[in-house]
Every structure is written in structure tokens, then in C-alpha cells.
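Chemist: Sharing a structure with you now.
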Amino acid sequence: MGKVVERREEAEGKKRGDRVIVIHSASELEKRLEEASRTSRLAILFFSKARPCRFVSPLYASLAVKYPKVVFLKVHIEEGPNAESMALDRGIRKFPTFLFYKSGEEVDKVVGVDAFELERKVPLHSRKQTQARRDQVIVIHSASELEKRLQEASRTSRLAILFFSKARPRRYISLYASLAEKYPKVVFLKVDIEQGPNAEGMAVDRRISKFPTFLIYKSGKEVDKVVGVDAIELDRKIPLHLRKQARRKQAKSLSEYEF
């Protein structure tokens, strides 16, 4: 009976457009957690039993809608041995239990029907995840600091991206931060134009009048740019230039062994 109820709940959830992913096997769970880790997304794993969880399940579904960048997973214990095994492997004996994962590691949990604590922790960990990404973007405050960063990137043969930002459109800032995490070997720099004359001067020196503008540097020289809110183009050009850089390094390395 439990399985029938859970399957019905899952089907109804799909009709409503729920973002909660119901897990049926350990391999599926590992796959989902790996995907979340690879895309730098917070993942929450909800171990559910029909009776004690009937009040918190709707809240969990609503949080999944409220935080679309978080991966919401759910295991129905009544499904059988596979579900029970997944719970035992994680030392779970009380239901509901909510496990929080970052980069594939469990970082927090909520045990029991504690709606307040669950609602508090989801945005808390979501903000921490966003902040961690933003910390990988270096905010530039002066022309001398910019030159220093570009020289460092050149000296270490790293690609550098320079992002000139204005308050609007802000939606590009989170994308830039996520790219910084996706490509850790690239130096991601950012200049906020609203900072004042120094920032404006850096933009004028590079003949930038539209925002956002992204300049791509190799060996201290500007080699490409993306102007405007074009997420696809920016995400396309970074790996393109990384491949070109890798080919040049390889060619240089081979030439050193020619006789």
C-alpha cells in the first residue's frame, strides 16, 4: 500500500510541476549528487515516510519551487530494501531527515518535522554556495591592481577575463561567478563602474562604453571580447580560448625537442 501511495504522490507532483526528484536506487542517487557537485549546486536529500512526513512534504515541494538552483531529492522509505539501504548507509533512523550536500559532501542536516529549521537552512546554505562562487571573482579597484593581476596571469600562462559591470543588468553577475568556479584555471576579474573615477578610467582606457563587457586576455594582451548580455557566447569563448592556449603550449613543447 505504501508504494502505491508514494507512486501516486510522485505522479501528482509531476502534474503540478514539482521540482523534487524522487530517487529509486543508490546508483541514481550518486548520479544526482555528482551532477549537483559538478554544476556547483546545493543538493538536499529528503528521506521520507508516509505518516510522519505528510505535513512537511508540501513544504519541501514549495521550497523546490522557491529555490530553483538547489537540487531537491527525495527517497520514499516505503519503496522497499533499496530505499531502506540508502537510509542505513547514511545512518538515518528517524524520519523525516534532510541532508544537505555541497561538492558531494554532507555539510548539514535537519532531523524531524521542523519546518522552521528547514526553511532557515535552505536559503542559508544557498547563500553560502553563491558567496563561495563570488569569492573566486577578483574585484579590481585601481588601474595598478588591474595591471598587476593581468601580469600575474600572463606570467603563469593563464587566461584572464575582465568583466566591466554596471548595477543593471545584475543577472550577469551570478553567471560570471559560476563560470569562475567552472574554469578554476582562468583568472576572473571584475570592475564595478559605480565605484567611481578609477573604475570609469579603466573602462575609458579600453574604449568601453557598453555594459556588461567582457575582455579576454592572453599573455597580457586583449584577444577577444563579448559585449552585452550574451551568456551563450561568453560560455562558448572561454573553453575555445583555453583549447587554443593548450594547443600553443603543446606546439611550443614539441618544438623544443626538434633537432
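Naming scheme: A, B, ... for chains in displayed order of the C-alpha cells; residues 1 onward per chain; ligands 1 onward as shown.
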Distance table requested - segment 135-239 of chain A against segment 41-50 of chain A, cut-off 12 Å, only C-alpha atoms: one row per qualifying residue with the closest atom pair and its distance in Å to one decimal, ordered by chain and rising residue number, as JSON lines.

Modeler:
```
{"residue": "A:Ser178", "atom": "CA", "partner": "A:Arg41", "partner_atom": "CA", "distance": 9.8}
{"residue": "A:Glu181", "atom": "CA", "partner": "A:Arg41", "partner_atom": "CA", "distance": 11.1}
{"residue": "A:Lys182", "atom": "CA", "partner": "A:Arg41", "partner_atom": "CA", "distance": 11.5}
```

Chemist: Env of Leu63 of chain A: 9 Å cut, atoms = only C-alpha atoms, seq-sep filter 5 positions within chain, self excluded. Answer as an NGL selection string.

Modeler: :A and (58 or 68 or 72 or 119 or 122)

Chemist: Could you save the residues just selected, with N, CA and C atoms, as a CSV table (one decimal), in the first residue's frame?

Modeler:
```csv
chain,number,residue,atom,x,y,z
A,58,PRO,N,4.7,18.9,1.5
A,58,PRO,CA,4.3,20.1,0.7
A,58,PRO,C,5.2,21.2,0.9
A,68,PRO,N,15.0,27.4,-7.3
A,68,PRO,CA,15.2,26.5,-8.4
A,68,PRO,C,16.7,26.1,-8.7
A,72,PHE,N,16.7,19.4,-5.3
A,72,PHE,CA,15.8,18.8,-4.2
A,72,PHE,C,15.6,17.3,-4.6
A,119,GLU,N,13.3,25.7,6.6
A,119,GLU,CA,13.1,26.9,5.9
A,119,GLU,C,14.3,27.9,6.1
A,122,VAL,N,17.8,26.2,4.2
A,122,VAL,CA,17.9,26.2,2.7
A,122,VAL,C,18.5,27.5,2.1
```

Chemist: Return the single residue from A:Leu59, A:Phe188, A:Val223, A:Tyr176 that is closest to Leu118 of chain A, with distances computed using only C-alpha atoms.

Modeler: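 Closest to Leu118 of chain A of all the choices is A:Leu59.
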
Chemist: Could you pull the residues within 10 Å of Leu215 of chain A, counting only C-alpha atoms, minus those fewer than 6 positions along the same chain, as a PyMOL selection string?

Modeler: chain A and resi 160-164+189+206+208+221-227

Chemist: Find the spatial neighbours of His125 of chain A, counting only C-alpha atoms, within a cut-off of 12 Å - ignore same-chain residues fewer than 5 positions away - and output them as a CSV table (one decimal) with C-alpha atoms, in the first residue's frame.

Modeler:
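That gives us result-v7.csv:
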```csv
chain,number,residue,atom,x,y,z
A,41,ARG,CA,24.7,23.4,-6.9
A,42,LEU,CA,23.5,22.8,-3.3
A,43,ALA,CA,21.6,19.4,-3.0
A,44,ILE,CA,19.1,18.4,-0.4
A,67,TYR,CA,14.9,27.8,-4.9
A,69,LYS,CA,19.1,26.5,-8.4
A,70,VAL,CA,19.0,24.0,-5.5
A,99,LEU,CA,20.7,16.0,4.4
A,100,PHE,CA,22.5,19.0,2.8
A,101,TYR,CA,25.2,18.3,0.2
A,102,LYS,CA,27.9,20.6,-1.2
A,106,GLU,CA,27.2,16.1,3.5
A,107,VAL,CA,27.5,19.5,5.3
A,108,ASP,CA,24.4,19.7,7.4
A,109,LYS,CA,21.1,18.0,8.3
A,118,LEU,CA,14.3,23.6,7.2
A,119,GLU,CA,13.1,26.9,5.9
A,120,ARG,CA,16.0,28.7,7.6
A,130,THR,CA,26.7,31.7,-4.0
A,131,GLN,CA,29.2,33.6,-1.9
A,132,ALA,CA,31.8,30.8,-2.4
```

Chemist: As a PDB file with N, CA and C atoms, in the first residue's frame, please: the residues near Gln245 of chain A (cut-off 12 Å, only C-alpha atoms, same-chain neighbours under 3 positions excluded).

Modeler:
```pdb
ATOM      1  N   SER A 154      49.551  36.463 -17.025  1.00  0.00           N
ATOM      2  CA  SER A 154      50.454  36.260 -18.153  1.00  0.00           C
ATOM      3  C   SER A 154      51.670  35.435 -17.741  1.00  0.00           C
ATOM      4  N   SER A 157      50.861  31.910 -17.426  1.00  0.00           N
ATOM      5  CA  SER A 157      50.232  31.381 -18.655  1.00  0.00           C
ATOM      6  C   SER A 157      48.762  31.032 -18.455  1.00  0.00           C
ATOM      7  N   ARG A 158      48.059  31.900 -17.754  1.00  0.00           N
ATOM      8  CA  ARG A 158      46.633  31.671 -17.524  1.00  0.00           C
ATOM      9  C   ARG A 158      45.797  32.659 -18.330  1.00  0.00           C
ATOM     10  N   LEU A 159      44.687  32.167 -18.811  1.00  0.00           N
ATOM     11  CA  LEU A 159      43.719  33.026 -19.487  1.00  0.00           C
ATOM     12  C   LEU A 159      43.088  33.938 -18.435  1.00  0.00           C
ATOM     13  N   ALA A 160      42.836  35.197 -18.799  1.00  0.00           N
ATOM     14  CA  ALA A 160      42.199  36.134 -17.867  1.00  0.00           C
ATOM     15  C   ALA A 160      40.977  36.763 -18.531  1.00  0.00           C
ATOM     16  N   LYS A 185      41.127  27.415 -13.598  1.00  0.00           N
ATOM     17  CA  LYS A 185      42.459  27.804 -14.066  1.00  0.00           C
ATOM     18  C   LYS A 185      42.449  29.153 -14.785  1.00  0.00           C
ATOM     19  N   VAL A 186      41.266  29.717 -14.944  1.00  0.00           N
ATOM     20  CA  VAL A 186      41.133  31.030 -15.579  1.00  0.00           C
ATOM     21  C   VAL A 186      41.047  32.094 -14.482  1.00  0.00           C
ATOM     22  N   TYR A 217      41.924  38.036 -22.093  1.00  0.00           N
ATOM     23  CA  TYR A 217      43.359  38.318 -22.203  1.00  0.00           C
ATOM     24  C   TYR A 217      44.184  37.033 -22.224  1.00  0.00           C
ATOM     25  N   LYS A 218      45.202  37.061 -23.083  1.00  0.00           N
ATOM     26  CA  LYS A 218      46.224  36.012 -23.099  1.00  0.00           C
ATOM     27  C   LYS A 218      47.577  36.691 -23.165  1.00  0.00           C
ATOM     28  N   SER A 219      48.481  36.240 -22.327  1.00  0.00           N
ATOM     29  CA  SER A 219      49.844  36.803 -22.306  1.00  0.00           C
ATOM     30  C   SER A 219      49.820  38.321 -22.167  1.00  0.00           C
ATOM     31  N   VAL A 223      42.612  39.624 -26.509  1.00  0.00           N
ATOM     32  CA  VAL A 223      42.498  38.808 -27.718  1.00  0.00           C
ATOM     33  C   VAL A 223      41.051  38.625 -28.181  1.00  0.00           C
ATOM     34  N   ILE A 238      35.186  30.979 -23.631  1.00  0.00           N
ATOM     35  CA  ILE A 238      36.192  30.627 -22.618  1.00  0.00           C
ATOM     36  C   ILE A 238      36.858  29.289 -22.941  1.00  0.00           C
ATOM     37  N   PRO A 239      36.098  28.198 -23.117  1.00  0.00           N
ATOM     38  CA  PRO A 239      36.767  26.931 -23.463  1.00  0.00           C
ATOM     39  C   PRO A 239      37.464  26.980 -24.819  1.00  0.00           C
ATOM     40  N   LEU A 240      36.936  27.787 -25.742  1.00  0.00           N
ATOM     41  CA  LEU A 240      37.567  27.935 -27.055  1.00  0.00           C
ATOM     42  C   LEU A 240      38.983  28.484 -26.904  1.00  0.00           C
ATOM     43  N   HIS A 241      39.134  29.537 -26.121  1.00  0.00           N
ATOM     44  CA  HIS A 241      40.459  30.130 -25.925  1.00  0.00           C
ATOM     45  C   HIS A 241      41.363  29.238 -25.070  1.00  0.00           C
ATOM     46  N   LEU A 242      40.774  28.490 -24.169  1.00  0.00           N
ATOM     47  CA  LEU A 242      41.576  27.546 -23.382  1.00  0.00           C
ATOM     48  C   LEU A 242      42.165  26.462 -24.275  1.00  0.00           C
ATOM     49  N   ARG A 248      48.814  25.773 -28.335  1.00  0.00           N
ATOM     50  CA  ARG A 248      50.051  26.544 -28.489  1.00  0.00           C
ATOM     51  C   ARG A 248      51.140  26.030 -27.543  1.00  0.00           C
ATOM     52  N   LYS A 249      50.727  25.712 -26.325  1.00  0.00           N
ATOM     53  CA  LYS A 249      51.692  25.177 -25.358  1.00  0.00           C
ATOM     54  C   LYS A 249      52.264  23.856 -25.845  1.00  0.00           C
ATOM     55  N   GLN A 250      51.377  23.026 -26.391  1.00  0.00           N
ATOM     56  CA  GLN A 250      51.811  21.724 -26.889  1.00  0.00           C
ATOM     57  C   GLN A 250      52.776  21.887 -28.062  1.00  0.00           C
ATOM     58  N   ALA A 251      52.440  22.797 -28.977  1.00  0.00           N
ATOM     59  CA  ALA A 251      53.296  23.039 -30.140  1.00  0.00           C
ATOM     60  C   ALA A 251      54.659  23.567 -29.703  1.00  0.00           C
ATOM     61  N   LYS A 252      54.651  24.453 -28.723  1.00  0.00           N
ATOM     62  CA  LYS A 252      55.904  25.010 -28.220  1.00  0.00           C
ATOM     63  C   LYS A 252      56.750  23.929 -27.566  1.00  0.00           C
TER      64      LYS A 252
END
```

Chemist: DSSP on the backbone: which residues in segment 127-256 of chain A end up as alpha helix (DSSP H)? Give the answer as a ChimeraX atom specification.

Modeler: /A:127-134,143-155,171-182,197-205,231-255

Chemist: How many Å lie between atom CA of Asn198 of chain A and atom CA of Pro184 of chain A, rounded to one decimal?

Modeler: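 These atoms are spaced 27.6 Å apart.
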
Chemist: Go through A:Lys148, A:Ser103, A:Ala64, A:Tyr183 and flag the residue nearest Lys237 of chain A, using only C-alpha atoms for the distances.

Modeler: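 Among the listed residues, the smallest separation from Lys237 of chain A belongs to A:Tyr183.
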
Chemist: Could you check the closest approach to Ile77 of chain A for each of A:Arg127, A:Lys31, A:His24, A:Lys210 and tell me which residue wins, using only C-alpha atoms?

Modeler: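 Of all the options, A:His24 lies closest to Ile77 of chain A.
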
Chemist: With a distance cut-off of 9 Å and only C-alpha atoms, select the neighbouring residues of Arg155 of chain A, excluding the residue or stretch itself and same-chain residues fewer than 4 positions from it, and output the selection as a PyMOL selection string.

Modeler: chain A and resi 150-151+219-220

Chemist: Need to verify the contact set: Cys53 of chain A, 9 Å, only C-alpha atoms, exclusion of same-chain residues closer than 4 positions in sequence. Can you return it as a list in words?

Modeler: Ser48, Lys49, Ser57, Phe95, Pro96, Gly112 and Val113 of chain A

Chemist: Which residue is closest to Leu175 of chain A? Choose from A:Glu105, A:Ala231, A:Ser62, A:Arg38 and count only C-alpha atoms.

Modeler: A:Ala231

Chemist: Taking only C-alpha atoms into account, name the residue in A:Glu78, A:Lys94, A:Leu73, A:Gly104 that is nearest to Glu35 of chain A.

Modeler: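 Residue with the minimum atom-to-atom distance to Glu35 of chain A: A:Gly104.
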
Chemist: Grab the atom CA of Thr156 of chain A to atom CA of Ile193 of chain A distance for me, in Å with one decimal place.

Modeler: 27.6 Å
